[in-house]
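Shown next: coords_38.cif, containing mmCIF, C-alpha atoms.
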```
data_model
#
loop_
_atom_site.label_atom_id
_atom_site.label_comp_id
_atom_site.auth_asym_id
_atom_site.auth_seq_id
_atom_site.Cartn_x
_atom_site.Cartn_y
_atom_site.Cartn_z
CA MET V 24 99.83 111.64 48.66
CA PHE V 25 98.76 114.87 50.24
CA SER V 26 97.60 115.37 53.77
CA GLN V 27 94.12 116.60 54.34
CA PRO V 28 94.08 120.39 54.08
CA SER V 29 93.24 120.74 57.77
CA GLN V 30 96.49 119.07 58.87
CA PHE V 31 98.87 121.49 57.08
CA GLY V 32 101.78 119.09 57.43
CA TYR V 33 101.34 118.61 61.18
CA ASP V 34 100.90 114.92 60.53
CA LYS V 35 104.36 114.51 59.00
CA ALA V 36 106.18 113.56 62.20
CA THR V 37 105.20 112.44 65.64
CA VAL V 38 107.37 115.12 67.26
CA ILE V 39 105.12 117.89 65.99
CA PHE V 40 101.91 119.00 67.68
CA SER V 41 99.11 120.37 65.55
CA PRO V 42 98.03 123.89 66.62
CA ASP V 43 95.03 122.42 68.42
CA GLY V 44 97.32 120.21 70.52
CA ARG V 45 97.00 116.86 68.82
CA ILE V 46 99.69 114.43 67.71
CA ILE V 47 98.15 113.48 64.42
CA GLN V 48 100.45 110.52 63.70
CA VAL V 49 99.09 108.85 66.83
CA GLU V 50 95.55 109.42 65.60
CA TYR V 51 96.49 107.78 62.31
CA ALA V 52 97.87 104.86 64.32
CA ARG V 53 94.47 104.54 66.00
CA GLU V 54 92.95 104.33 62.53
CA ALA V 55 95.33 101.45 61.78
CA VAL V 56 94.00 99.69 64.88
CA LYS V 57 90.47 100.08 63.59
CA MET V 58 91.47 98.25 60.43
CA GLY V 59 92.76 95.29 62.43
CA SER V 60 90.73 92.21 63.25
CA THR V 61 88.64 92.58 66.38
CA ALA V 62 89.64 91.30 69.78
CA VAL V 63 87.66 91.40 73.00
CA GLY V 64 88.70 91.06 76.61
CA LEU V 65 86.79 90.81 79.85
CA LYS V 66 87.55 89.99 83.46
CA THR V 67 85.23 88.49 86.05
CA GLU V 68 85.90 87.67 89.69
CA THR V 69 87.31 84.27 88.77
CA CYS V 70 88.73 84.55 85.27
CA VAL V 71 90.05 86.78 82.50
CA ILE V 72 89.21 86.06 78.90
CA LEU V 73 90.77 87.37 75.71
CA ALA V 74 89.18 86.33 72.43
CA GLY V 75 89.78 87.06 68.79
CA GLN V 76 88.96 85.71 65.39
CA LYS V 77 91.48 83.42 63.81
CA ARG V 78 91.24 84.58 60.23
CA SER V 79 92.41 82.70 57.19
CA PHE V 80 92.46 83.89 53.60
CA GLU V 81 92.10 81.47 50.75
CA LEU V 82 95.47 79.72 50.61
CA ILE V 83 97.06 81.41 53.63
CA GLU V 84 96.89 79.50 56.89
CA SER V 85 95.64 81.50 59.82
CA ALA V 86 97.97 83.26 62.25
CA ASP V 87 97.61 83.19 66.03
CA LYS V 88 95.42 85.85 67.59
CA VAL V 89 96.00 85.37 71.32
CA PHE V 90 99.40 84.89 72.91
CA LYS V 91 101.02 83.84 76.13
CA ILE V 92 103.45 86.42 77.58
CA ASP V 93 104.37 84.52 80.75
CA ASP V 94 102.74 81.75 82.78
CA HIS V 95 100.17 84.18 84.18
CA ILE V 96 99.73 86.81 81.44
CA ALA V 97 97.95 86.49 78.09
CA SER V 98 97.81 89.10 75.38
CA THR V 99 96.09 89.99 72.13
CA PHE V 100 96.28 92.96 69.80
CA SER V 101 94.56 94.60 66.85
CA GLY V 102 96.36 96.42 64.08
CA TYR V 103 99.49 95.71 62.10
CA SER V 104 100.40 92.15 62.95
CA ALA V 105 104.14 92.72 62.44
CA ASP V 106 104.06 95.61 64.91
CA GLY V 107 102.06 93.46 67.28
CA ARG V 108 104.47 90.58 67.20
CA ALA V 109 107.42 92.89 67.81
CA LEU V 110 105.69 94.45 70.82
CA LEU V 111 104.63 91.12 72.30
CA GLN V 112 108.21 89.89 72.02
CA ARG V 113 109.24 92.93 74.02
CA ALA V 114 106.56 92.16 76.61
CA ARG V 115 107.87 88.62 76.95
CA ILE V 116 111.39 89.91 77.48
CA GLU V 117 110.19 92.41 80.11
CA ALA V 118 108.46 89.55 81.93
CA GLN V 119 111.69 87.55 82.02
CA ILE V 120 113.76 90.60 83.06
CA GLU V 121 111.47 90.90 86.08
CA ARG V 122 112.06 87.26 86.98
CA ILE V 123 115.83 87.73 86.79
CA THR V 124 115.80 91.07 88.63
CA TYR V 125 113.48 90.21 91.50
CA GLY V 126 113.03 86.45 91.29
CA GLU V 127 109.26 86.96 90.97
CA VAL V 128 106.69 86.98 88.18
CA ILE V 129 105.84 90.44 86.87
CA ASP V 130 102.83 92.40 88.10
CA PRO V 131 100.64 92.89 84.98
CA GLU V 132 100.21 96.55 85.92
CA VAL V 133 103.98 96.97 85.89
CA LEU V 134 104.24 95.18 82.53
CA SER V 135 101.51 97.42 81.11
CA GLU V 136 103.37 100.50 82.35
CA LYS V 137 106.61 99.30 80.79
CA ILE V 138 104.91 98.64 77.46
CA GLY V 139 103.03 101.95 77.74
CA ASP V 140 106.30 103.80 78.36
CA TYR V 141 107.80 102.09 75.34
CA LEU V 142 104.89 103.04 73.08
CA GLN V 143 105.01 106.59 74.42
CA SER V 144 108.63 106.97 73.33
CA PHE V 145 107.45 106.54 69.71
CA THR V 146 105.27 109.64 70.07
CA GLN V 147 108.05 111.93 71.22
CA TYR V 148 111.21 111.11 69.26
CA GLY V 149 111.94 111.93 65.62
CA GLY V 150 112.48 109.47 62.81
CA VAL V 151 110.05 106.87 64.09
CA ARG V 152 106.38 106.08 63.69
CA PRO V 153 104.07 104.91 66.47
CA PHE V 154 103.07 101.25 66.66
CA GLY V 155 99.93 100.64 64.63
CA ILE V 156 98.33 98.47 67.28
CA ALA V 157 96.29 98.45 70.46
CA VAL V 158 97.08 95.75 73.03
CA LEU V 159 95.17 93.89 75.73
CA PHE V 160 96.89 92.14 78.64
CA GLY V 161 94.80 89.71 80.68
CA SER V 162 96.24 88.23 83.83
CA VAL V 163 95.78 86.68 87.23
CA TYR V 164 98.28 88.10 89.69
CA GLU V 165 98.18 87.39 93.43
CA LYS V 166 94.75 85.76 92.96
CA GLU V 167 93.24 88.89 91.37
CA THR V 168 92.11 89.14 87.77
CA SER V 169 93.23 92.11 85.69
CA LEU V 170 92.66 93.44 82.19
CA TYR V 171 94.69 96.29 80.70
CA PHE V 172 94.17 98.09 77.43
CA ILE V 173 97.06 100.09 75.92
CA ASP V 174 96.54 102.37 72.95
CA PRO V 175 99.14 103.29 70.29
CA GLY V 176 100.01 106.51 72.15
CA GLY V 177 100.98 104.51 75.24
CA ALA V 178 97.94 105.38 77.38
CA ILE V 179 96.98 102.58 79.77
CA PHE V 180 93.48 101.76 80.99
CA SER V 181 92.42 99.11 83.45
CA CYS V 182 89.14 97.69 82.10
CA LEU V 183 86.35 95.37 83.19
CA ALA V 184 85.62 94.53 79.57
CA THR V 185 86.61 96.09 76.27
CA ALA V 186 87.05 95.50 72.56
CA ILE V 187 89.65 96.68 70.06
CA GLY V 188 89.89 96.65 66.30
CA ALA V 189 87.40 96.78 63.45
CA ASN V 190 83.86 97.60 64.52
CA GLU V 191 84.88 97.58 68.17
CA GLY V 192 81.85 99.75 69.01
CA ALA V 193 79.39 96.94 68.28
CA ALA V 194 81.35 94.50 70.43
CA LYS V 195 81.51 97.02 73.29
CA GLU V 196 77.73 97.43 73.14
CA VAL V 197 77.24 93.69 73.59
CA LEU V 198 79.75 93.65 76.47
CA LYS V 199 78.03 96.60 78.15
CA LYS V 200 74.68 94.84 78.02
CA GLY V 201 75.83 91.41 79.13
CA TYR V 202 78.69 92.18 81.51
CA LYS V 203 78.53 91.30 85.19
CA LYS V 204 81.53 90.93 87.45
CA SER V 205 80.04 87.73 88.85
CA LEU V 206 79.75 85.92 85.49
CA ALA V 207 80.73 82.26 85.61
CA LYS V 208 83.40 80.97 83.28
CA LYS V 209 81.06 79.55 80.63
CA ALA V 210 78.82 82.62 80.61
CA ALA V 211 81.86 84.86 80.32
CA MET V 212 83.17 82.80 77.41
CA LYS V 213 79.81 83.03 75.68
CA LEU V 214 79.64 86.79 76.21
CA ALA V 215 83.13 87.23 74.76
CA ILE V 216 82.18 85.17 71.70
CA ASP V 217 78.87 87.02 71.24
CA ALA V 218 80.66 90.37 71.47
CA LEU V 219 83.25 89.22 68.98
CA LYS V 220 80.65 87.93 66.53
CA SER V 221 78.62 91.14 66.73
CA SER V 222 81.57 93.03 65.31
CA LEU V 223 81.93 90.80 62.28
CA GLU V 224 80.18 91.27 59.01
CA GLU V 225 80.78 87.82 57.61
CA ASP V 226 78.78 84.68 58.31
CA GLN V 227 78.97 84.39 62.07
CA ASN V 228 78.61 80.64 62.15
CA SER V 229 81.67 79.99 60.05
CA ILE V 230 84.21 81.96 62.05
CA THR V 231 87.01 80.42 64.08
CA VAL V 232 87.54 81.89 67.53
CA GLU V 233 90.76 81.69 69.47
CA MET V 234 90.68 82.40 73.17
CA ALA V 235 93.04 82.83 76.08
CA ILE V 236 91.70 82.28 79.57
CA VAL V 237 93.38 82.74 82.94
CA GLU V 238 91.50 81.51 85.98
CA THR V 239 92.12 82.49 89.58
CA LYS V 240 92.09 78.84 90.64
CA ASP V 241 95.52 78.15 89.09
CA GLY V 242 96.58 81.51 87.64
CA LYS V 243 97.91 79.88 84.46
CA VAL V 244 97.24 80.97 80.89
CA GLN V 245 95.37 78.49 78.72
CA ILE V 246 95.12 79.03 74.98
CA LEU V 247 91.89 77.54 73.62
CA SER V 248 91.19 76.59 70.01
CA GLN V 249 87.67 76.59 68.56
CA LYS V 250 87.52 72.87 69.31
CA ASP V 251 88.53 73.40 72.96
CA ILE V 252 85.95 76.17 73.29
CA ASP V 253 83.19 73.99 71.83
CA GLU V 254 84.03 71.18 74.23
CA ILE V 255 83.94 73.45 77.27
CA LEU V 256 80.66 75.07 76.23
CA LYS V 257 79.07 71.71 75.50
CA ALA V 258 80.08 70.19 78.84
CA MET W 2 152.71 98.54 109.31
CA GLN W 3 151.92 95.87 106.80
CA PRO W 4 153.52 95.90 103.35
CA MET W 5 151.72 97.94 100.70
CA ASN W 6 151.08 94.96 98.46
CA ASN W 7 148.82 93.59 101.16
CA ILE W 8 146.34 96.38 100.56
CA GLU W 9 143.35 94.15 101.09
CA SER W 10 144.16 93.50 104.70
CA GLN W 11 144.68 97.24 105.15
CA LEU W 12 141.27 98.09 103.76
CA THR W 13 139.20 95.09 104.75
CA LYS W 14 137.66 95.50 108.13
CA GLY W 15 137.47 92.67 110.57
CA THR W 16 133.96 92.30 111.84
CA THR W 17 131.33 90.01 113.21
CA THR W 18 127.70 90.36 112.21
CA VAL W 19 125.00 87.92 113.23
CA ALA W 20 121.47 87.42 111.95
CA VAL W 21 118.80 85.23 113.50
CA LYS W 22 115.31 84.44 112.25
CA CYS W 23 112.71 84.14 115.01
CA LYS W 24 109.03 83.24 114.90
CA ASP W 25 107.79 86.80 114.35
CA CYS W 26 110.90 88.85 113.64
CA ALA W 27 114.33 89.02 112.07
CA ILE W 28 117.23 90.11 114.29
CA LEU W 29 120.49 91.62 113.03
CA VAL W 30 123.37 92.47 115.36
CA ALA W 31 126.97 93.57 114.76
CA ASP W 32 129.99 94.85 116.64
CA MET W 33 131.29 98.41 116.20
CA ARG W 34 135.02 97.93 115.66
CA ALA W 35 136.60 98.81 112.32
CA SER W 36 140.09 97.36 112.07
CA MET W 37 142.92 98.09 109.63
CA GLY W 38 145.28 95.20 110.03
CA THR W 39 146.21 95.41 113.70
CA LEU W 40 145.01 99.00 114.08
CA VAL W 41 141.57 99.80 115.43
CA ALA W 42 140.46 102.39 112.87
CA SER W 43 137.10 103.09 114.45
CA ASP W 44 135.26 102.11 117.60
CA HIS W 45 131.88 103.31 116.40
CA ALA W 46 131.53 101.76 112.94
CA LYS W 47 127.98 101.22 111.71
CA LYS W 48 127.54 97.74 110.27
CA VAL W 49 123.76 97.31 110.39
CA HIS W 50 122.00 99.63 107.96
CA GLN W 51 118.32 100.21 107.32
CA LEU W 52 117.23 99.62 103.70
CA ASN W 53 113.54 100.52 103.99
CA ASP W 54 110.86 100.40 106.70
CA PHE W 55 110.94 96.61 106.79
CA SER W 56 114.46 95.54 105.89
CA ALA W 57 118.09 95.98 106.88
CA ILE W 58 121.51 94.80 105.78
CA THR W 59 124.66 93.91 107.71
CA ILE W 60 128.05 94.54 106.15
CA ALA W 61 131.50 93.03 106.48
CA GLY W 62 134.57 93.48 104.31
CA LEU W 63 135.50 96.53 102.27
CA VAL W 64 133.50 99.38 103.76
CA SER W 65 133.41 101.61 100.68
CA ASP W 66 132.01 98.77 98.55
CA ALA W 67 129.43 97.97 101.19
CA GLN W 68 128.35 101.60 101.56
CA TYR W 69 128.01 101.94 97.80
CA ILE W 70 125.84 98.81 97.63
CA ILE W 71 123.66 100.19 100.44
CA ASP W 72 123.22 103.52 98.63
CA ILE W 73 122.22 101.80 95.40
CA MET W 74 119.88 99.40 97.19
CA GLN W 75 118.15 102.18 99.11
CA ALA W 76 117.58 104.06 95.85
CA GLN W 77 116.36 100.92 94.04
CA ILE W 78 113.92 100.09 96.81
CA ARG W 79 112.60 103.65 97.00
CA LEU W 80 112.02 103.67 93.24
CA PHE W 81 110.29 100.29 93.47
CA GLU W 82 107.97 101.58 96.19
CA LEU W 83 107.14 104.76 94.27
CA ASP W 84 106.56 102.95 90.97
CA ARG W 85 104.47 100.14 92.35
CA LYS W 86 102.82 101.53 95.48
CA ARG W 87 103.91 98.49 97.46
CA ARG W 88 106.96 97.25 99.32
CA PRO W 89 109.24 94.66 97.72
CA LYS W 90 109.32 91.25 99.35
CA ILE W 91 112.58 90.59 101.19
CA SER W 92 113.40 87.92 98.60
CA MET W 93 113.09 90.58 95.88
CA ILE W 94 115.56 92.83 97.70
CA ALA W 95 117.88 89.86 98.08
CA ASN W 96 117.64 89.20 94.35
CA LEU W 97 118.71 92.76 93.57
CA VAL W 98 121.73 92.44 95.85
CA LYS W 99 122.60 89.08 94.31
CA ASN W 100 122.53 90.48 90.77
CA MET W 101 124.70 93.42 91.81
CA LEU W 102 127.31 91.16 93.41
CA TYR W 103 127.34 88.65 90.57
CA GLY W 104 127.64 91.29 87.85
CA GLN W 105 130.65 92.80 89.54
CA TYR W 106 132.23 89.41 90.20
CA ARG W 107 131.97 88.51 86.52
CA ALA W 108 133.57 91.86 85.62
CA TYR W 109 136.70 90.66 87.48
CA PHE W 110 136.37 93.30 90.23
CA PRO W 111 134.12 91.75 92.84
CA TYR W 112 132.70 93.87 95.62
CA TYR W 113 134.80 92.79 98.59
CA VAL W 114 131.89 92.22 100.95
CA GLN W 115 129.95 89.66 102.89
CA LEU W 116 126.36 90.71 103.38
CA ILE W 117 123.24 89.60 105.21
CA VAL W 118 119.81 90.99 104.34
CA GLY W 119 117.06 90.59 106.90
CA GLY W 120 113.50 91.80 107.02
CA TYR W 121 109.81 91.17 107.38
CA ASP W 122 107.18 90.87 104.64
CA GLN W 123 103.77 89.27 104.01
CA ASN W 124 105.39 85.85 104.38
CA GLY W 125 106.95 86.68 107.75
CA PRO W 126 110.59 87.23 108.71
CA HIS W 127 113.46 86.36 106.38
CA ILE W 128 117.26 86.15 106.48
CA PHE W 129 119.30 86.01 103.26
CA SER W 130 123.08 85.70 103.04
CA PHE W 131 125.42 86.37 100.11
CA ASP W 132 129.02 85.72 99.24
CA MET W 133 130.97 88.13 97.10
CA ALA W 134 130.54 86.04 93.96
CA GLY W 135 126.80 86.64 94.14
CA SER W 136 125.48 83.39 95.55
CA LEU W 137 122.33 83.72 97.61
CA SER W 138 120.83 81.52 100.26
CA GLU W 139 117.90 81.84 102.62
CA ASP W 140 118.89 80.93 106.17
CA ASP W 141 117.49 80.60 109.66
CA TRP W 142 120.66 82.17 111.00
CA PHE W 143 123.95 83.39 109.61
CA ALA W 144 127.12 85.23 110.59
CA THR W 145 129.74 87.10 108.57
CA GLY W 146 133.16 88.64 109.13
CA SER W 147 136.43 87.58 110.69
CA GLY W 148 134.69 86.51 113.90
CA SER W 149 131.99 84.49 112.14
CA PRO W 150 133.56 81.04 112.81
CA VAL W 151 133.27 81.75 116.52
CA ALA W 152 129.69 82.95 116.15
CA PHE W 153 128.82 79.94 113.97
CA GLY W 154 129.81 77.63 116.80
CA VAL W 155 127.38 79.28 119.20
CA LEU W 156 124.53 79.54 116.68
CA GLU W 157 124.98 75.98 115.44
CA ALA W 158 124.71 74.60 118.96
CA MET W 159 121.92 76.78 120.30
CA TYR W 160 119.59 77.85 117.47
CA GLU W 161 116.03 76.63 117.65
CA LYS W 162 113.17 77.26 115.25
CA ASP W 163 110.35 79.65 116.17
CA MET W 164 112.14 81.45 118.98
CA SER W 165 110.57 84.54 120.53
CA GLU W 166 112.17 87.92 119.98
CA LYS W 167 113.67 87.78 123.47
CA GLU W 168 115.19 84.33 122.96
CA GLY W 169 116.46 85.20 119.50
CA LEU W 170 118.06 88.41 120.68
CA ARG W 171 119.74 86.63 123.56
CA LEU W 172 121.19 84.02 121.17
CA ALA W 173 122.37 86.61 118.61
CA LEU W 174 124.08 88.62 121.34
CA GLN W 175 125.63 85.50 122.84
CA ALA W 176 127.11 84.55 119.45
CA LEU W 177 128.38 88.07 118.91
CA LYS W 178 129.87 88.27 122.40
CA ALA W 179 131.76 85.02 121.83
CA ALA W 180 133.26 86.54 118.68
CA ILE W 181 134.14 89.74 120.50
CA LYS W 182 135.99 87.67 123.07
CA ARG W 183 137.95 85.47 120.64
CA ASP W 184 138.44 87.61 117.52
CA THR W 185 140.78 90.60 117.84
CA ALA W 186 139.13 92.40 114.93
CA THR W 187 135.72 92.34 116.61
CA GLY W 188 134.74 94.47 119.56
CA ASP W 189 134.01 97.94 121.00
CA GLY W 190 130.24 97.80 121.25
CA ILE W 191 127.07 96.32 119.82
CA ARG W 192 124.40 97.57 117.47
CA ALA W 193 121.17 95.56 117.32
CA VAL W 194 118.17 95.80 115.03
CA VAL W 195 114.83 94.01 115.21
CA ILE W 196 112.41 93.91 112.26
CA ASP W 197 108.91 92.62 112.88
CA LYS W 198 105.40 93.31 111.60
CA LYS W 199 105.65 96.86 112.88
CA GLY W 200 108.86 97.43 110.95
CA PHE W 201 112.49 98.37 111.54
CA ARG W 202 113.55 99.14 115.11
CA GLU W 203 117.05 99.85 116.39
CA LEU W 204 117.63 98.96 120.04
CA THR W 205 119.09 101.44 122.51
CA LYS W 206 122.21 100.71 124.52
CA GLU W 207 120.06 100.04 127.58
CA GLN W 208 117.79 97.63 125.69
CA ILE W 209 120.82 95.74 124.39
CA ILE W 210 122.29 95.39 127.88
CA GLU W 211 118.93 94.25 129.23
CA ALA W 212 118.69 91.64 126.44
CA GLY W 213 122.00 90.10 127.47
CA GLY W 214 124.43 92.27 125.55
CA ALA W 215 126.53 93.54 128.47
CA LEU W 216 130.19 93.18 127.52
#
```

Would you mind writing the structure in this file as structure tokens?
Amino acid sequence: MFSQPSQFGYDKATVIFSPDGRIIQVEYAREAVKMGSTAVGLKTETCVILAGQKRSFELIESADKVFKIDDHIASTFSGYSADGRALLQRARIEAQIERITYGEVIDPEVLSEKIGDYLQSFTQYGGVRPFGIAVLFGSVYEKETSLYFIDPGGAIFSCLATAIGANEGAAKEVLKKGYKKSLAKKAAMKLAIDALKSSLEEDQNSITVEMAIVETKDGKVQILSQKDIDEILKA
Amino acid sequence: MQPMNNIESQLTKGTTTVAVKCKDCAILVADMRASMGTLVASDHAKKVHQLNDFSAITIAGLVSDAQYIIDIMQAQIRLFELDRKRRPKISMIANLVKNMLYGQYRAYFPYYVQLIVGGYDQNGPHIFSFDMAGSLSEDDWFATGSGSPVAFGVLEAMYEKDMSEKEGLRLALQALKAAIKRDTATGDGIRAVVIDKKGFRELTKEQIIEAGGAL
């Protein structure tokens, strides 16, 4: 009910700075991200991979974890899934607006900026709360791979590899150790899965991974189920 | 004087503009006469306008509409270049123009213009033409304005693919000169622009005469 004594009500609205210059609602939003299921992303010279755990609870069937935004852009998020779905819908619309405006597919950097701008507006206007999610966009655009991370405050980072969500630190450690820009597709897939598993507390052999991959050879998003992943890794 | 209810013919300027795609450049030429019905309203009208370092637009029709479209396009392109640290492809510029024309057409007040956008990008030279309802087509050559049927005849007969700049310029000027001769609303002088891998370049009077543009 009550804010921590140190906040003195500065966490009540996003339009208010705390005396030490923080927007505390945004920091709370980052906490919401940390409660979300983990997702990892990495880009190599030839492909971008986004991976997450497809979680199911008892009688509830699992929801999707990775998404296609346009032919060439995939996305995943950690945090409140309703917020995430709303934001991804907006990303899809922005991608189509670009096609209508310029007759071209959207540059993933431009899409990230548009989504970043949108998230930023929820840190500056009254009567709203920030999105409780962090987002990854993975893409191949003009034969180049790209990976963008956007935090709930709207900050955008271009990454080689990163993880978001619960226990993201452990996943990042695995990525740091295993990452090379020259990784082949299979090795990159394995690294993404290893990173993902390292962040999970449950039995690592029983989890279901969902993955999006975009390769430079065709620039098209593929969504892979656990079965698809197993087949590729076995081959 | 023409009757007041015929305001369109009072405001709409007779013109001929010609665009030709060559192997390594896009060429845009236009006359300099602005007519109001039978009156010559200006003998130094500017009908080829630069959009950015690598693109230009020719205008025919209602001058105020055309100038407004140019202003908006220049601003849009500048914003694009600042936001994205790159130049738009010519097809992207053409798409913006198309959307502007179509939106206004569907609002029952179409911009009364015929436009050609030409330029050079990573895919080479390009020519795009529009009608005032917002249709868009990529062409090897095109002409607009009251003298365009005359210019079409010349271009249709003489255009060849992959012409050099010199050949293309000669053809564009020949088509324009035919229109100047046979269309009363076209005349008074020639403005010519070449856009190649080095960018936008407007030719001097002397260069135009040397290229075959002596009237």

(request) Return as a list in words the set of residues that the PyMOL selection byres ((chain W and resi 213) around 8) yields on the displayed structure. (result) Arg171, Leu174, Gln175, Ile209, Ile210, Glu211, Ala212, Gly214 and Ala215 of chain W

All file atoms of segment 91-107 of chain V boxed axis-aligned, 4 Å per side, centre plus edges, as AutoDock Vina command-line options:
```
--center_x 99.5 --center_y 89.1 --center_z 73.1 --size_x 17.8 --size_y 22.7 --size_z 30.1
```

I'd like a table as a tab-separated table: residues in chain W with an atom no more than 10 Å from chain V, each row giving the shortest atom pair and its distance in Å to one decimal, all atoms listed in the file counted, sorted by chain and rising residue number.
```
residue	atom	partner	partner_atom	distance
W:Asp84	CA	V:Val133	CA	8.3
W:Arg85	CA	V:Val133	CA	7.2
W:Pro89	CA	V:Tyr125	CA	8.7
W:Lys90	CA	V:Tyr125	CA	8.9
W:Ile91	CA	V:Tyr125	CA	9.7
W:Ser92	CA	V:Tyr125	CA	7.5
W:Met93	CA	V:Tyr125	CA	4.4
W:Ile94	CA	V:Tyr125	CA	7.0
W:Ala95	CA	V:Tyr125	CA	7.9
W:Asn96	CA	V:Tyr125	CA	5.1
W:Leu97	CA	V:Thr124	CA	6.0
W:Val98	CA	V:Thr124	CA	9.4
W:Lys99	CA	V:Thr124	CA	9.1
W:Asn100	CA	V:Thr124	CA	7.1
W:Met101	CA	V:Thr124	CA	9.7
```

Just to be explicit: take each residue in the selection above, keep C-alpha atoms, and write the result as a PDB file, in the coordinates of the input.
```pdb
ATOM      1  CA  ASP W  84     106.560 102.950  90.970  1.00  0.00           C
ATOM      2  CA  ARG W  85     104.470 100.140  92.350  1.00  0.00           C
ATOM      3  CA  PRO W  89     109.240  94.660  97.720  1.00  0.00           C
ATOM      4  CA  LYS W  90     109.320  91.250  99.350  1.00  0.00           C
ATOM      5  CA  ILE W  91     112.580  90.590 101.190  1.00  0.00           C
ATOM      6  CA  SER W  92     113.400  87.920  98.600  1.00  0.00           C
ATOM      7  CA  MET W  93     113.090  90.580  95.880  1.00  0.00           C
ATOM      8  CA  ILE W  94     115.560  92.830  97.700  1.00  0.00           C
ATOM      9  CA  ALA W  95     117.880  89.860  98.080  1.00  0.00           C
ATOM     10  CA  ASN W  96     117.640  89.200  94.350  1.00  0.00           C
ATOM     11  CA  LEU W  97     118.710  92.760  93.570  1.00  0.00           C
ATOM     12  CA  VAL W  98     121.730  92.440  95.850  1.00  0.00           C
ATOM     13  CA  LYS W  99     122.600  89.080  94.310  1.00  0.00           C
ATOM     14  CA  ASN W 100     122.530  90.480  90.770  1.00  0.00           C
ATOM     15  CA  MET W 101     124.700  93.420  91.810  1.00  0.00           C
TER      16      MET W 101
END
```

Decode the PyMOL selection byres ((chain V and resi 172) around 10) for the given file into explicit residues and return them as a JSON list (two decimals) with C-alpha atoms, in the coordinates of the input.
```json
[["chain", "number", "residue", "atom", "x", "y", "z"],
["V", 64, "GLY", "CA", 88.70, 91.06, 76.61],
["V", 98, "SER", "CA", 97.81, 89.10, 75.38],
["V", 99, "THR", "CA", 96.09, 89.99, 72.13],
["V", 100, "PHE", "CA", 96.28, 92.96, 69.80],
["V", 135, "SER", "CA", 101.51, 97.42, 81.11],
["V", 139, "GLY", "CA", 103.03, 101.95, 77.74],
["V", 157, "ALA", "CA", 96.29, 98.45, 70.46],
["V", 158, "VAL", "CA", 97.08, 95.75, 73.03],
["V", 159, "LEU", "CA", 95.17, 93.89, 75.73],
["V", 160, "PHE", "CA", 96.89, 92.14, 78.64],
["V", 161, "GLY", "CA", 94.80, 89.71, 80.68],
["V", 170, "LEU", "CA", 92.66, 93.44, 82.19],
["V", 171, "TYR", "CA", 94.69, 96.29, 80.70],
["V", 173, "ILE", "CA", 97.06, 100.09, 75.92],
["V", 174, "ASP", "CA", 96.54, 102.37, 72.95],
["V", 177, "GLY", "CA", 100.98, 104.51, 75.24],
["V", 178, "ALA", "CA", 97.94, 105.38, 77.38],
["V", 179, "ILE", "CA", 96.98, 102.58, 79.77],
["V", 180, "PHE", "CA", 93.48, 101.76, 80.99],
["V", 181, "SER", "CA", 92.42, 99.11, 83.45],
["V", 182, "CYS", "CA", 89.14, 97.69, 82.10],
["V", 184, "ALA", "CA", 85.62, 94.53, 79.57],
["V", 185, "THR", "CA", 86.61, 96.09, 76.27],
["V", 186, "ALA", "CA", 87.05, 95.50, 72.56],
["V", 187, "ILE", "CA", 89.65, 96.68, 70.06]]
```

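When atom CA of Lys166 of chain V is paired with atom CA of Gln119 of chain V, their separation reads 20.2 Å.
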
Q) Quick one: residues within 10 Å of Leu110 of chain V, all atoms listed in the file counted, chain neighbours fewer than 3 positions away excluded, as a list in words? A) Phe100, Ser104, Ala105, Asp106, Gly107, Arg113, Ala114, Arg115, Ile116, Ile138, Tyr141, Leu142, Phe154, Ile156 and Val158 of chain V

Atom CA of Ala46 of chain W to atom CA of Arg34 of chain W measures 5.9 Å

- Task: Write out as a list in words each polymer residue whose atoms come within 7 Å of Gly59 of chain V, counting all atoms listed in the file; drop sequence neighbours fewer than 3 positions from it.
- Result: Ala55, Val56, Ser101, Gly102, Tyr103, Gly188 and Ala189 of chain V

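Nearest residue to Asn124 of chain W, choosing from W:Leu204, W:Leu172, W:Cys26, W:Ile71 and counting all atoms listed in the file: W:Cys26.
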
Original post:
Could you spell out the hits of the PyMOL selection byres ((chain W and resi 170) around 10) on the shown file, as a PyMOL selection string?
Top reply: chain W and resi 20-23+27-30+164-169+171-176+193-195+209+212-214

Taking (124.9, 81.9, 109.8) in the file's coordinates, which residues come within 12 Å, counting all atoms listed in the file, written as number ranges by chain?
-> W: 17-22, 29, 115-118, 128-132, 138-146, 148-158, 160, 173, 176-177

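In this comparison, which uses all atoms listed in the file, the residue of V:Thr239, V:Gln147, V:Gln48, V:Gln112 approaching Ser162 of chain V most closely is V:Thr239.
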
**Message:** Could you check which residues have any atom within 10 Å of (130.9, 93.7, 94.9), counting only C-alpha atoms with coordinates taken straight from the file, and then list them as a PyMOL selection string?
**Reply:** chain W and resi 63+66-67+69-70+98-115+132-135
